[in-house]
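> Okay, handing you the structure first.
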Amino acid sequence: MIHLLLVALFLIIFLILSIPVFLVEWLIGKKNPALRDISSLRIVQWAFKIILLLAGCRITVIGEENIPKDKAVLYIGNHRGFFDTVITYARCPLPTGYMAKKNLEKVPLLSVWMKLLHCLFLDREDIRQGLKTILKGIEYIRRNISVCVFPEGTRSTGDDQTDLLPFREGAFKISTKTDCPIVPFALTNTSAIFEDHLPFIKGTHVTLEYGKPFRPSELEKADRKAIGAYTRNIIIDMVKKNAAG
């Protein structure tokens, strides 16, 4: 219970104190959008690190050297819990837009931060809007803003962490149309923080592993055609290894 109360209290205070920060970020963005992107990134990364500390999370990170530090990438990962975004965003070296559900765009204050951080709001029921979201992701890559997608489309559940849902291929167009590097990552045990015992938060050890980046143009034709399945297999192998360890 104490972890839940601490995290909730911090979130409320952070969002309230963010109101004047939004004005400062807007003013910075008027003169220097790149500086605004970095300042927003660092502020939210600081907040996420505090949340992880208050939640009692102990994180082992493997392969962080695989993340390019000077170019935009498409991050692709498995999705087990709410804390997946908190854990991974705290480690992004460059501004990164996460693909999120459309209804989050209506959440007061939180949605302002999400827009500052270039989040992509996806309406899965509207094919036309979905295409516009993918095109926006392509634009971000060309502006050197990374994109992160959980292509299962929702959180996977069950005791077997290697039982990932099928990956939706549409999001991979962000990379196939730009040939930007894809960085696969695997999260292990994140549902044990919150989802396994709602509504409580429990201190938990989780593992985050980044695989080696690859470009679509480097793949064999068959793998490029089924790039979602190809990436999913890489992530499953990492989850299997870390869950066993």
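Letters A, B, ... go to the chains of the structure tokens in the order shown; residues in each chain start at 1; ligands are counted from 1 in the same order.
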Quick one: pick out all alpha helix (DSSP H) residues within segment 166-244 of chain A from a backbone DSSP run and write them as a list in words.
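Matching residues, listed in order: Lys173, Ile174, Ser175, Thr176, Lys221, Ala222, Asp223, Arg224, Lys225, Ile227, Gly228, Ala229, Tyr230, Thr231, Arg232, Asn233, Ile234, Ile235, Ile236, Asp237, Met238, Val239, Lys240, Lys241, Asn242, Ala243 and Ala244 of chain A.
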> Which neighbours of Val183 of chain A fall inside 7 Å, counting only C-alpha atoms, when residues of the same chain fewer than 6 positions from it are skipped, and could you give them as JSON, numbers by chain?
{"A": [67, 73, 74, 75, 76, 210, 211, 212, 213, 214]}
> Using only C-alpha atoms, which residues sit within 9 Å of Asn78 of chain A once same-chain residues fewer than 4 positions away are excluded, as a VMD selection string?
chain A and resid 84 149 to 152 155 to 156 164 to 165 184 to 188 232 235 to 236 239
> Can you pull out every residue within 10 Å of segment 136-143 of chain A, counting only C-alpha atoms, but drop anything in the same chain fewer than 2 positions away, and send it as an NGL selection string?
:A and (71-74 or 95-99 or 118-120 or 130-134 or 145-148 or 171 or 173-180)
> Please produce, as CSV, a per-residue contact table for segment 107-133 of chain A versus segment 25-47 of chain A (criterion: any atom at most 12 Å away, only C-alpha atoms considered), showing the nearest atom pair and its distance in Å to one decimal, sorted by chain then residue number.

residue,atom,partner,partner_atom,distance
A:Leu110,CA,A:Val44,CA,10.9
A:Val112,CA,A:Trp26,CA,11.0
A:Trp113,CA,A:Ser40,CA,8.0
A:Met114,CA,A:Val44,CA,9.8
A:Lys115,CA,A:Ser40,CA,10.4
A:Leu116,CA,A:Ser40,CA,6.9
A:Leu117,CA,A:Leu41,CA,6.7
A:His118,CA,A:Asp37,CA,8.7
A:Cys119,CA,A:Leu41,CA,11.8
> I'd like the interatomic distance between atom CA of Gly153 of chain A and atom CA of Arg128 of chain A, to a tenth of an Å.
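Value for the atom CA of Gly153 of chain A-atom CA of Arg128 of chain A distance: 17.2 Å.
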> Would you write out, as JSON lines, a table of all residues in segment 90-160 of chain A that have an atom no more than 10 Å from an atom of segment 196-209 of chain A, listing for each the closest atom pair and the distance in Å to one decimal, considering only C-alpha atoms and ordering rows by chain and rising residue number?

{"residue": "A:Thr157", "atom": "CA", "partner": "A:Asp196", "partner_atom": "CA", "distance": 9.2}
{"residue": "A:Gly158", "atom": "CA", "partner": "A:Asp196", "partner_atom": "CA", "distance": 9.5}
{"residue": "A:Asp159", "atom": "CA", "partner": "A:Asp196", "partner_atom": "CA", "distance": 9.7}
> Please produce a file of the residues just selected, as a PDB file, in the first residue's frame, where the atoms kept are all heavy atoms.

ATOM      1  N   THR A 157      -1.299 -10.948 -21.130  1.00  0.00           N
ATOM      2  CA  THR A 157      -1.544 -11.427 -19.772  1.00  0.00           C
ATOM      3  C   THR A 157      -1.214 -12.916 -19.695  1.00  0.00           C
ATOM      4  O   THR A 157      -0.886 -13.550 -20.696  1.00  0.00           O
ATOM      5  CB  THR A 157      -3.009 -11.204 -19.364  1.00  0.00           C
ATOM      6  OG1 THR A 157      -3.859 -11.883 -20.308  1.00  0.00           O
ATOM      7  CG2 THR A 157      -3.359  -9.723 -19.370  1.00  0.00           C
ATOM      8  N   GLY A 158      -1.307 -13.454 -18.519  1.00  0.00           N
ATOM      9  CA  GLY A 158      -1.019 -14.880 -18.336  1.00  0.00           C
ATOM     10  C   GLY A 158       0.309 -15.103 -17.651  1.00  0.00           C
ATOM     11  O   GLY A 158       1.160 -14.208 -17.585  1.00  0.00           O
ATOM     12  N   ASP A 159       0.497 -16.303 -17.149  1.00  0.00           N
ATOM     13  CA  ASP A 159       1.713 -16.633 -16.404  1.00  0.00           C
ATOM     14  C   ASP A 159       2.933 -16.789 -17.305  1.00  0.00           C
ATOM     15  O   ASP A 159       4.062 -16.585 -16.872  1.00  0.00           O
ATOM     16  CB  ASP A 159       1.499 -17.914 -15.602  1.00  0.00           C
ATOM     17  CG  ASP A 159       0.453 -17.735 -14.500  1.00  0.00           C
ATOM     18  OD1 ASP A 159       0.286 -16.587 -14.038  1.00  0.00           O
ATOM     19  OD2 ASP A 159      -0.197 -18.728 -14.133  1.00  0.00           O
TER      20      ASP A 159
END
> With only C-alpha atoms as the basis for distance, which of A:Asp126, A:Phe172, A:Asn189, A:Phe121 is at the shortest distance from Asn242 of chain A?
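Comparing A:Asp126, A:Phe172, A:Asn189, A:Phe121 against Asn242 of chain A, the winner is A:Asn189.
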> Using Å and a single decimal, report how far atom CA of Leu122 of chain A sits from atom CA of Glu105 of chain A.
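Between these atoms lies a distance of 9.7 Å.
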> When you count only C-alpha atoms, which of these residues is closest to Ile182 of chain A: A:Ile16, A:Ile234, A:Leu135, A:Ile51?
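Closest candidate: A:Ile234.
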> Mind listing the strand (DSSP E or B) residues of segment 13-227 of chain A, per DSSP on the backbone, as a ChimeraX atom specification?
/A:58-62,74-77,96-101,120-122,146-149,182-188,205-210,214
